[in-house]
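Undergrad: Below is the file query_19.cif, with mmCIF, C-alpha atoms and all ligand atoms.
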data_entry
#
loop_
_atom_site.label_atom_id
_atom_site.label_comp_id
_atom_site.auth_asym_id
_atom_site.auth_seq_id
_atom_site.Cartn_x
_atom_site.Cartn_y
_atom_site.Cartn_z
CA MET A 29 64.66 170.78 116.45
CA ILE A 30 64.08 174.18 117.94
CA MET A 31 67.12 176.40 118.36
CA LYS A 32 67.49 179.88 119.78
CA MET A 33 69.30 182.32 117.52
CA PRO A 34 72.62 183.52 119.02
CA ASP A 35 72.14 186.62 121.17
CA LYS A 36 74.91 188.38 119.32
CA GLY A 37 76.24 187.99 115.83
CA SER A 38 79.58 186.30 115.05
CA ASP A 39 82.60 187.22 113.08
CA TRP A 40 82.18 186.30 109.39
CA GLU A 41 85.63 184.75 109.06
CA GLU A 42 84.87 182.40 111.96
CA LEU A 43 81.51 181.50 110.49
CA ARG A 44 83.06 180.94 107.11
CA GLN A 45 85.59 178.53 108.60
CA GLU A 46 82.88 176.73 110.51
CA MET A 47 80.92 176.25 107.30
CA ILE A 48 83.95 174.81 105.57
CA ASP A 49 84.59 172.49 108.54
CA ARG A 50 80.98 171.31 108.50
CA GLY A 51 81.43 170.19 104.90
CA ALA A 52 84.36 167.94 105.80
CA GLY A 53 82.11 164.91 106.17
CA ASP A 54 80.19 165.53 102.94
CA ALA A 55 80.52 163.62 99.68
CA LYS A 56 83.95 164.19 98.12
CA TRP A 57 82.79 165.70 94.86
CA ARG A 58 85.82 167.96 94.45
CA GLU A 59 87.96 164.82 94.22
CA GLY A 60 85.60 163.41 91.58
CA LYS A 61 84.23 160.79 93.99
CA THR A 62 80.59 161.78 93.60
CA ALA A 63 78.63 160.71 90.54
CA VAL A 64 75.21 162.12 91.42
CA TYR A 65 73.95 165.57 92.53
CA VAL A 66 77.02 167.55 91.39
CA PHE A 67 78.20 168.35 87.85
CA ASN A 68 81.86 169.26 87.95
CA ALA A 69 82.99 170.97 84.75
CA GLY A 70 86.20 172.35 86.25
CA GLU A 71 87.43 175.33 88.25
CA ASP A 72 87.07 177.85 85.44
CA VAL A 73 83.38 177.12 84.92
CA ALA A 74 82.81 177.18 88.69
CA ARG A 75 84.37 180.64 88.82
CA VAL A 76 82.12 181.95 86.07
CA GLN A 77 79.07 180.50 87.85
CA LYS A 78 80.01 182.09 91.18
CA GLU A 79 80.95 185.53 89.91
CA ALA A 80 78.03 185.77 87.51
CA TYR A 81 75.66 184.59 90.25
CA THR A 82 76.84 187.20 92.74
CA LEU A 83 76.56 190.01 90.17
CA TYR A 84 72.76 189.53 90.11
CA MET A 85 72.26 187.82 93.46
CA SER A 86 69.93 190.49 94.82
CA GLU A 87 67.95 191.06 91.66
CA ASN A 88 64.64 189.29 91.19
CA GLY A 89 63.42 187.57 88.04
CA LEU A 90 59.88 188.27 89.22
CA GLY A 91 60.31 191.86 88.09
CA PRO A 92 61.18 192.10 84.38
CA LEU A 93 60.16 195.77 84.34
CA ALA A 94 62.58 196.55 87.15
CA PHE A 95 65.34 194.31 85.78
CA PRO A 96 65.19 194.30 81.98
CA SER A 97 68.79 193.03 82.06
CA LEU A 98 67.62 189.76 83.63
CA LYS A 99 64.71 189.48 81.23
CA GLN A 100 67.11 189.89 78.31
CA MET A 101 69.45 187.26 79.74
CA GLU A 102 66.53 184.86 80.30
CA ASP A 103 65.28 185.38 76.74
CA GLU A 104 68.75 184.69 75.38
CA VAL A 105 69.21 181.55 77.49
CA VAL A 106 65.80 180.25 76.38
CA GLY A 107 66.63 181.19 72.80
CA MET A 108 69.89 179.22 72.95
CA GLY A 109 68.04 176.24 74.45
CA LEU A 110 65.44 176.38 71.69
CA ALA A 111 68.08 176.58 68.99
CA LEU A 112 69.85 173.52 70.42
CA LEU A 113 66.62 171.55 70.64
CA ASN A 114 65.26 172.35 67.18
CA GLY A 115 62.73 174.99 68.20
CA ASN A 116 61.73 177.69 65.73
CA ASP A 117 60.54 181.30 65.66
CA GLN A 118 57.17 180.28 67.04
CA SER A 119 58.69 178.48 70.05
CA ALA A 120 58.90 179.91 73.54
CA GLY A 121 60.05 178.99 77.03
CA THR A 122 61.02 180.08 80.51
CA ILE A 123 63.82 179.55 83.00
CA THR A 124 62.53 177.68 86.05
CA SER A 125 64.12 176.69 89.34
CA GLY A 126 64.88 173.12 88.25
CA GLY A 127 63.65 169.99 86.57
CA THR A 128 60.74 169.46 88.94
CA ASP A 129 59.53 173.01 88.34
CA SER A 130 59.86 172.62 84.55
CA ILE A 131 57.95 169.34 84.57
CA THR A 132 55.25 170.73 86.84
CA MET A 133 54.74 173.77 84.63
CA ALA A 134 54.66 171.69 81.43
CA ILE A 135 51.96 169.49 82.97
CA LYS A 136 50.02 172.55 84.15
CA ALA A 137 50.11 173.92 80.60
CA ALA A 138 49.04 170.58 79.10
CA ARG A 139 46.21 170.27 81.60
CA ASP A 140 44.87 173.77 80.95
CA PHE A 141 45.27 173.25 77.20
CA ALA A 142 43.27 170.01 77.49
CA PHE A 143 40.54 171.73 79.51
CA ASP A 144 40.22 174.30 76.72
CA ASN A 145 40.53 171.95 73.76
CA LYS A 146 39.43 168.46 74.74
CA ALA A 147 36.31 166.91 76.23
CA ILE A 148 37.88 165.87 79.54
CA LYS A 149 35.32 164.10 81.72
CA GLY A 150 36.54 162.98 85.11
CA GLN A 151 40.10 162.88 86.43
CA PRO A 152 42.73 163.75 83.82
CA ASN A 153 45.69 161.38 83.53
CA ILE A 154 49.26 161.36 82.25
CA VAL A 155 50.87 158.27 80.73
CA ALA A 156 54.55 157.71 81.48
CA PRO A 157 57.10 154.92 81.28
CA TRP A 158 57.93 153.37 84.65
CA SER A 159 61.41 154.88 84.40
CA ALA A 160 60.14 158.49 84.33
CA HIS A 161 61.24 160.79 87.15
CA PRO A 162 59.12 161.09 90.34
CA ALA A 163 58.70 164.79 89.55
CA PHE A 164 55.77 163.72 87.34
CA ASP A 165 54.07 162.11 90.33
CA LYS A 166 54.70 165.15 92.49
CA ALA A 167 53.19 167.47 89.90
CA ALA A 168 50.27 165.09 89.39
CA LYS A 169 49.65 165.01 93.12
CA LEU A 170 49.59 168.81 93.22
CA MET A 171 47.06 168.94 90.40
CA SER A 172 45.00 165.86 91.37
CA LEU A 173 45.91 164.02 88.18
CA GLU A 174 46.33 160.28 87.78
CA VAL A 175 49.75 158.97 86.74
CA ARG A 176 49.73 155.81 84.65
CA ARG A 177 53.23 154.36 84.94
CA ILE A 178 53.62 151.67 82.32
CA PRO A 179 56.28 148.94 82.77
CA VAL A 180 59.28 149.42 80.51
CA ALA A 181 60.07 146.96 77.71
CA GLY A 182 62.85 144.35 78.02
CA SER A 183 65.18 146.96 76.52
CA LEU A 184 64.43 149.15 79.60
CA LEU A 185 62.99 151.74 77.20
CA ALA A 186 59.41 153.03 77.19
CA ASP A 187 57.02 150.34 75.95
CA VAL A 188 55.29 152.39 73.28
CA GLY A 189 52.57 149.84 72.49
CA ALA A 190 51.61 149.38 76.13
CA MET A 191 51.62 153.13 76.67
CA ALA A 192 49.32 153.61 73.67
CA GLU A 193 46.90 151.06 75.12
CA SER A 194 46.78 152.92 78.39
CA VAL A 195 45.70 156.21 76.77
CA ASP A 196 42.03 157.17 77.06
CA ALA A 197 39.85 160.24 76.50
CA ASN A 198 41.11 161.81 79.76
CA THR A 199 44.81 161.53 78.88
CA ILE A 200 46.34 164.99 78.82
CA MET A 201 50.00 164.06 78.31
CA LEU A 202 52.25 161.31 77.00
CA ILE A 203 55.80 161.28 78.40
CA GLY A 204 59.18 160.07 77.22
CA SER A 205 62.61 160.64 78.77
CA ALA A 206 65.79 161.63 76.97
CA PRO A 207 67.33 159.96 78.87
CA SER A 208 65.61 158.37 81.88
CA PHE A 209 67.46 158.92 85.14
CA PRO A 210 67.65 155.27 86.29
CA TYR A 211 68.97 153.76 83.05
CA GLY A 212 70.44 156.75 81.22
CA LEU A 213 68.74 155.55 78.01
CA ILE A 214 66.79 157.65 75.52
CA ASP A 215 63.21 156.44 75.11
CA PRO A 216 61.92 155.88 71.53
CA ILE A 217 60.61 159.42 71.21
CA GLU A 218 59.84 159.13 67.48
CA ALA A 219 57.56 156.15 68.10
CA LEU A 220 55.92 157.98 71.01
CA GLY A 221 55.52 160.91 68.63
CA ASP A 222 53.60 158.69 66.20
CA ILE A 223 51.20 157.67 68.98
CA ALA A 224 50.82 161.30 70.05
CA GLU A 225 50.03 162.25 66.47
CA GLN A 226 47.51 159.45 65.95
CA LYS A 227 45.74 160.10 69.24
CA ASP A 228 46.11 163.88 69.24
CA LEU A 229 48.09 163.96 72.49
CA TRP A 230 50.53 166.37 74.07
CA LEU A 231 53.96 164.69 74.07
CA HIS A 232 56.38 165.96 76.70
CA VAL A 233 60.04 164.99 76.49
CA ASP A 234 61.83 165.02 79.82
CA ALA A 235 65.32 166.01 78.72
CA CYS A 236 66.24 167.35 82.16
CA VAL A 237 69.40 165.25 82.04
CA GLY A 238 69.90 165.07 78.28
CA GLY A 239 68.81 168.44 76.93
CA TYR A 240 72.15 170.17 77.27
CA ILE A 241 74.38 167.18 76.54
CA ALA A 242 72.70 165.24 73.73
CA PRO A 243 73.00 168.00 71.07
CA PHE A 244 76.74 168.31 71.70
CA VAL A 245 77.35 164.56 71.81
CA ARG A 246 75.61 164.48 68.43
CA MET A 247 77.81 167.34 67.17
CA ASN A 248 80.79 165.27 68.36
CA GLY A 249 79.70 162.54 65.95
CA ALA A 250 77.46 160.17 67.93
CA ASP A 251 74.29 158.84 66.35
CA ILE A 252 71.75 160.32 68.77
CA PRO A 253 68.18 159.56 67.66
CA PRO A 254 65.70 162.43 67.21
CA PHE A 255 64.24 163.36 70.61
CA ASP A 256 63.37 167.07 70.53
CA PHE A 257 61.18 169.52 68.57
CA GLU A 258 62.51 167.89 65.41
CA ILE A 259 59.65 165.46 66.09
CA SER A 260 56.53 167.40 65.19
CA SER A 261 54.29 166.06 67.96
CA VAL A 262 56.70 167.02 70.77
CA LYS A 263 54.86 169.88 72.45
CA SER A 264 57.12 170.60 75.41
CA ILE A 265 60.60 169.77 76.70
CA SER A 266 62.18 170.09 80.15
CA ALA A 267 65.96 170.59 79.97
CA ASP A 268 68.02 171.43 83.04
CA LEU A 269 70.71 174.06 82.90
CA HIS A 270 72.00 173.04 86.33
CA LYS A 271 72.81 169.52 85.16
CA TYR A 272 74.75 169.08 81.90
CA GLY A 273 74.43 172.80 81.16
CA TYR A 274 76.98 173.24 84.00
CA CYS A 275 75.11 176.31 85.28
CA ALA A 276 74.62 177.21 88.94
CA LYS A 277 71.91 175.29 90.74
CA GLY A 278 68.34 176.55 90.58
CA ALA A 279 68.13 176.72 86.78
CA SER A 280 66.24 174.69 84.19
CA THR A 281 64.40 175.51 81.00
CA VAL A 282 60.86 174.53 80.08
CA LEU A 283 60.35 174.92 76.35
CA PHE A 284 57.21 174.84 74.20
CA ARG A 285 56.74 174.16 70.52
CA ASP A 286 54.80 177.39 70.16
CA LYS A 287 53.88 180.51 72.03
CA THR A 288 50.19 179.64 72.35
CA LEU A 289 51.09 176.47 74.30
CA HIS A 290 53.53 178.42 76.48
CA GLN A 291 50.75 180.84 77.38
CA TYR A 292 48.88 178.02 79.14
CA MET A 293 51.69 177.81 81.66
CA ILE A 294 51.63 181.43 82.78
CA PHE A 295 49.69 182.47 85.86
CA ASP A 296 48.14 185.91 85.67
CA CYS A 297 46.30 187.25 88.70
CA ASP A 298 44.85 190.68 89.52
CA ASN A 299 42.17 189.64 91.99
CA TRP A 300 43.80 191.14 95.08
CA PRO A 301 44.66 194.66 96.21
CA GLY A 302 48.31 194.52 95.09
CA GLY A 303 47.77 194.90 91.35
CA ARG A 304 48.34 192.49 88.50
CA MET A 305 51.00 189.84 89.07
CA ILE A 306 52.17 187.59 86.28
CA THR A 307 54.26 184.56 87.29
CA PRO A 308 55.36 182.10 84.63
CA THR A 309 56.76 179.42 86.96
CA LEU A 310 55.80 177.82 90.26
CA ALA A 311 57.91 180.34 92.16
CA GLY A 312 57.09 183.96 92.84
CA THR A 313 60.50 185.46 93.52
CA ARG A 314 63.05 184.06 91.09
CA PRO A 315 66.75 184.31 91.98
CA GLY A 316 68.41 186.66 89.52
CA GLY A 317 71.72 184.90 90.13
CA ALA A 318 70.48 181.59 88.70
CA ILE A 319 69.51 183.40 85.49
CA SER A 320 72.67 185.49 85.20
CA ALA A 321 74.93 182.52 85.96
CA ALA A 322 73.19 180.45 83.28
CA TRP A 323 73.63 183.23 80.75
CA ALA A 324 77.29 183.64 81.66
CA VAL A 325 78.18 179.93 81.56
CA MET A 326 76.48 179.42 78.19
CA ASN A 327 78.32 182.36 76.70
CA TYR A 328 81.58 181.40 78.41
CA LEU A 329 81.56 177.85 77.03
CA GLY A 330 79.85 178.41 73.69
CA ILE A 331 79.24 175.49 71.36
CA ALA A 332 82.94 174.64 71.18
CA GLY A 333 83.30 174.63 74.98
CA TYR A 334 80.27 172.39 75.47
CA CYS A 335 81.45 170.01 72.74
CA GLU A 336 84.76 169.72 74.57
CA LYS A 337 83.19 169.18 78.01
CA GLN A 338 80.70 166.64 76.67
CA LYS A 339 83.52 164.82 74.89
CA GLN A 340 85.18 164.45 78.29
CA VAL A 341 81.94 162.98 79.67
CA THR A 342 81.74 160.57 76.72
CA ASP A 343 85.37 159.56 77.23
CA ALA A 344 84.75 158.96 80.94
CA ARG A 345 81.65 156.88 80.16
CA GLN A 346 83.47 154.80 77.58
CA ALA A 347 86.38 154.18 79.96
CA VAL A 348 83.94 153.08 82.67
CA GLU A 349 82.04 150.88 80.18
CA GLN A 350 85.19 149.12 79.12
CA GLY A 351 86.50 148.73 82.67
CA VAL A 352 83.32 147.41 84.24
CA ARG A 353 82.80 144.94 81.40
CA GLN A 354 86.26 143.55 82.12
CA LEU A 355 85.22 143.21 85.77
CA GLY A 356 82.24 141.06 84.74
CA PHE A 357 79.42 143.62 84.90
CA ASP A 358 76.60 143.89 82.36
CA ILE A 359 75.80 147.40 81.16
CA LEU A 360 72.10 148.22 81.06
CA GLY A 361 71.27 148.95 77.42
CA SER A 362 73.53 151.13 75.29
CA PRO A 363 73.98 154.45 77.08
CA GLN A 364 74.91 157.36 74.81
CA LEU A 365 75.08 160.30 77.21
CA GLY A 366 76.44 160.80 80.75
CA ILE A 367 74.53 158.21 82.79
CA ILE A 368 75.58 154.59 82.92
CA ALA A 369 74.16 151.75 85.04
CA PHE A 370 75.61 148.24 85.32
CA SER A 371 74.49 145.05 87.02
CA HIS A 372 76.42 141.90 87.94
CA PRO A 373 75.28 138.39 87.01
CA THR A 374 76.40 136.78 90.28
CA LEU A 375 77.54 139.34 92.85
CA ASP A 376 75.37 141.55 95.08
CA VAL A 377 75.90 145.02 93.63
CA TYR A 378 74.53 146.63 96.78
CA ALA A 379 77.34 144.95 98.73
CA ILE A 380 79.83 146.29 96.18
CA TYR A 381 78.24 149.72 96.63
CA SER A 382 78.85 149.51 100.41
CA GLN A 383 82.53 148.87 99.78
CA MET A 384 82.76 151.75 97.30
CA PHE A 385 81.00 154.00 99.80
CA ALA A 386 83.57 153.04 102.45
CA LYS A 387 86.26 154.11 99.95
CA GLY A 388 84.62 157.54 99.65
CA TRP A 389 82.57 157.06 96.47
CA PHE A 390 79.04 158.40 96.39
CA SER A 391 76.81 157.48 93.47
CA GLY A 392 73.40 156.07 92.64
CA LEU A 393 71.87 152.61 92.47
CA THR A 394 68.89 151.19 90.63
CA THR A 395 66.36 148.74 92.00
CA GLU A 396 65.13 146.83 88.92
CA PRO A 397 67.43 145.42 87.89
CA LYS A 398 69.80 145.99 90.79
CA ALA A 399 72.66 148.02 89.33
CA LEU A 400 75.35 150.54 90.17
CA HIS A 401 74.58 153.94 88.66
CA LEU A 402 76.89 156.80 87.69
CA MET A 403 75.99 160.27 86.43
CA LEU A 404 79.33 161.38 85.03
CA SER A 405 80.82 164.88 84.72
CA PRO A 406 83.76 166.13 82.64
CA PHE A 407 85.98 165.94 85.75
CA HIS A 408 85.38 162.19 86.04
CA ARG A 409 87.54 161.57 83.02
CA SER A 410 90.54 162.09 85.29
CA VAL A 411 89.41 159.60 87.96
CA THR A 412 87.99 156.63 86.02
CA HIS A 413 91.19 154.70 86.63
CA THR A 414 90.93 155.11 90.42
CA TYR A 415 87.23 154.26 90.30
CA LEU A 416 87.90 151.03 88.44
CA GLU A 417 90.74 150.07 90.78
CA ASP A 418 88.52 150.62 93.81
CA LEU A 419 85.73 148.68 92.11
CA ALA A 420 88.04 145.74 91.49
CA ALA A 421 89.15 145.80 95.15
CA SER A 422 85.52 146.01 96.32
CA ILE A 423 84.61 142.99 94.22
CA GLU A 424 87.36 140.96 95.89
CA ILE A 425 86.05 141.88 99.35
CA VAL A 426 82.50 140.95 98.36
CA LYS A 427 83.68 137.68 96.85
CA ALA A 428 85.41 136.90 100.15
CA GLY A 429 82.01 137.41 101.82
CA GLU A 430 83.24 140.03 104.29
CA THR A 431 80.77 142.80 103.67
CA ASP A 432 77.39 144.32 104.48
CA SER A 433 74.98 145.43 101.83
CA VAL A 434 73.05 148.70 101.63
CA GLY A 435 69.48 147.86 102.50
CA GLU A 436 67.58 150.46 100.59
CA VAL A 437 68.13 152.76 97.62
CA ARG A 438 67.14 156.27 98.58
CA TYR A 439 68.13 159.80 97.71
CA SER A 440 67.26 161.59 100.94
C1 LIG B 501 65.25 162.72 84.10
C2 LIG B 501 65.05 163.71 85.23
N1 LIG B 501 63.95 164.48 85.24
C3 LIG B 501 63.72 165.38 86.22
C4 LIG B 501 64.60 165.55 87.25
C5 LIG B 501 64.29 166.53 88.34
O1 LIG B 501 65.19 167.59 88.33
P1 LIG B 501 65.42 168.52 89.62
O2 LIG B 501 66.10 167.66 90.66
O3 LIG B 501 66.27 169.61 89.09
O4 LIG B 501 64.10 169.00 90.09
C6 LIG B 501 65.77 164.77 87.27
C7 LIG B 501 66.74 164.91 88.35
O5 LIG B 501 67.72 164.22 88.44
C8 LIG B 501 65.98 163.82 86.24
O6 LIG B 501 67.07 163.04 86.25
#
Give the structure from this file in structure tokens form.
Ligand SMILES: Cc1ncc(COP(=O)(O)O)c(C=O)c1O
TA:
Amino acid sequence: MIMKMPDKGSDWEELRQEMIDRGAGDAKWREGKTAVYVFNAGEDVARVQKEAYTLYMSENGLGPLAFPSLKQMEDEVVGMGLALLNGNDQSAGTITSGGTDSITMAIKAARDFAFDNKAIKGQPNIVAPWSAHPAFDKAAKLMSLEVRRIPVAGSLLADVGAMAESVDANTIMLIGSAPSFPYGLIDPIEALGDIAEQKDLWLHVDACVGGYIAPFVRMNGADIPPFDFEISSVKSISADLHKYGYCAKGASTVLFRDKTLHQYMIFDCDNWPGGRMITPTLAGTRPGGAISAAWAVMNYLGIAGYCEKQKQVTDARQAVEQGVRQLGFDILGSPQLGIIAFSHPTLDVYAIYSQMFAKGWFSGLTTEPKALHLMLSPFHRSVTHTYLEDLAASIEIVKAGETDSVGEVRYS
């Protein structure tokens, strides 16, 4: 599409209204009917995000000398992330624009570390469970690396033995998810850690979804297995602030066991006429608002606030678990965090999805096995009843054979 800009500007109030009207056909996340893309922790948190974002909206994280305030906020956010994920005084990290950025930068660091410390001959590779996020493939494509996706075990968790067999002298990274996006299950990170230790490998834990929920669910009493720097061979972790950290979008953390590893991520260039430019992440300009909003939300909620919000997520998940079991679904594995996926032994879940979509629900699906997928927020606790009622009604329609089925699972 090519479109000429209006000859004259418009009144802001009119534009504002038009923007609101345009959103009328979008997913109904404010009503709690969306269980992917949006993390709704309530009006108060949204207000903190918005106001804190606008306070530093024009400032640029690219310039720590110009904006020491942002640098201080970033250091504190990273410090809080490290404390939650069992880092120590030697650990370091950076705020990035999101999970894909964090994963890309962790891989870049592991690759450069391997070039310096290992005898890499030929194309480097990374070894991941099949359930790992496509961000690994995107990063690998950018850096001409091979991705070895290894089928998951019957438990839908990373098959540690098969992954170990796939490692060779050119492997620069072993990957586990905490949890994986499709199944919401935490891979056996300790066992992956043993392999990493034996084979002297960089283990990255993708905790983009789990990093800012799992510690609080554990504090609330759940038996969450070790998945972070508590395991000595975990070298880096991606943990998204804009997911279960309830921060404004455009914010994740990439964390490293120690400062020397973190240094491999940073890009430092002075070979141009503009002077030395140091950029830690994939971006150049970094929105100050994403950093300031993250700082504000973390300080607004504090440990007690997060424990409360994550308890609401747990309650929502447990209510859904119980309800869908009664409706005849099988839950994939034993989810412990905010994602839950469930298949049906006889009915076409994609047909059920179509009915739910017609009722205004927007969520995910998985392909193997075919399952309905929900990424739950605190707000969902108040709508699980409606969800389950609509699900029951959808099942009846599908049983009566009166429905279409979504053909393909896609996110864009
Ligand atoms: C496990 C996991 N890793 C990485 C990502 C990528 O995060 P982002 O969309 O912020 O780039 C996601 C996104 O949902 C994810 O679920």
Undergrad: Using all atoms listed in the file, which residue out of A:Arg139, A:Ile259, A:Ala276, A:Val195 lies closest to Pro152 in chain A?
TA: A:Arg139
Undergrad: Could you give me, as a ChimeraX atom specification, every polymer residue with an atom at most 10 Å away from an atom of ligand LIG 501 (chain B), counting all atoms listed in the file?
TA: /A:64-65,124-132,159-164,204-212,233-239,266-271,277-280,367,403
Undergrad: Between A:His408, A:Arg177, A:Lys169, A:Lys136, which is the closest to Gly60 in chain A once you count all atoms listed in the file?
TA: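 Once distances to Gly60 in chain A are computed over all atoms listed in the file, the minimum belongs to A:His408.
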Undergrad: So, with all atoms listed in the file as the atoms that count, which of A:Val377, A:Ala69, A:Ala399, A:Ala322 lies closest to Asp103 in chain A?
TA: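 Residue with the minimum atom-to-atom distance to Asp103 in chain A: A:Ala322.
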Undergrad: By how many Å are CA of Asn153 in chain A and CA of Arg176 in chain A apart?
TA: 7.0 Å
Undergrad: Would you pick out the contacts of Val106 in chain A at 10 Å or less, using all atoms listed in the file, so that residues sharing its chain but fewer than 5 positions from it are not included, and give the list as number ranges by chain?
TA: A: 100-101, 111-112, 119-123, 280-283, 323
Undergrad: What separation in Å, quoted to one decimal, exists between CA of Asp358 in chain A and CA of His372 in chain A?
TA: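 Between these atoms lies a distance of 5.9 Å.
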Undergrad: May I ask which of the residues A:Ser172, A:Ser405, A:Thr395, A:Ser261 is the closest one to Ile241 in chain A, counting only C-alpha atoms?
TA: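 The answer is A:Ser405, which sits nearest to Ile241 in chain A.
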Undergrad: Restricting the calculation to only C-alpha atoms: of A:Phe390, A:Thr313, A:Met384, A:Lys339, which residue gets closest to Glu424 in chain A?
TA: A:Met384
Undergrad: Counting all atoms listed in the file, note down every residue that has an atom within 9 Å of the point (51.3, 155.5, 73.3) (file coordinates), as an NGL selection string.
TA: :A and (155 or 187-195 or 202-203 or 219-224 or 227)
Undergrad: Which residues are near range 55-58 of chain A? Cut-off 12 Å, all atoms listed in the file, ignore same chain within fewer than 2 positions. Put them as a ChimeraX atom specification.
TA: /A:50-53,60-71,74,385-391,404-405,407-408,410-411
Undergrad: For a quick check of understanding, using all atoms listed in the file, which of A:Ala197, A:Leu113, A:Ala332, A:Ala186 has the smallest distance to Pro243 in chain A?
TA: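 Counting all atoms listed in the file, the residue closest to Pro243 in chain A is A:Leu113.
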Undergrad: For CA of Asp432 in chain A and CA of Gln350 in chain A, quote the distance in Å rounded to one decimal.
TA: 27.0 Å
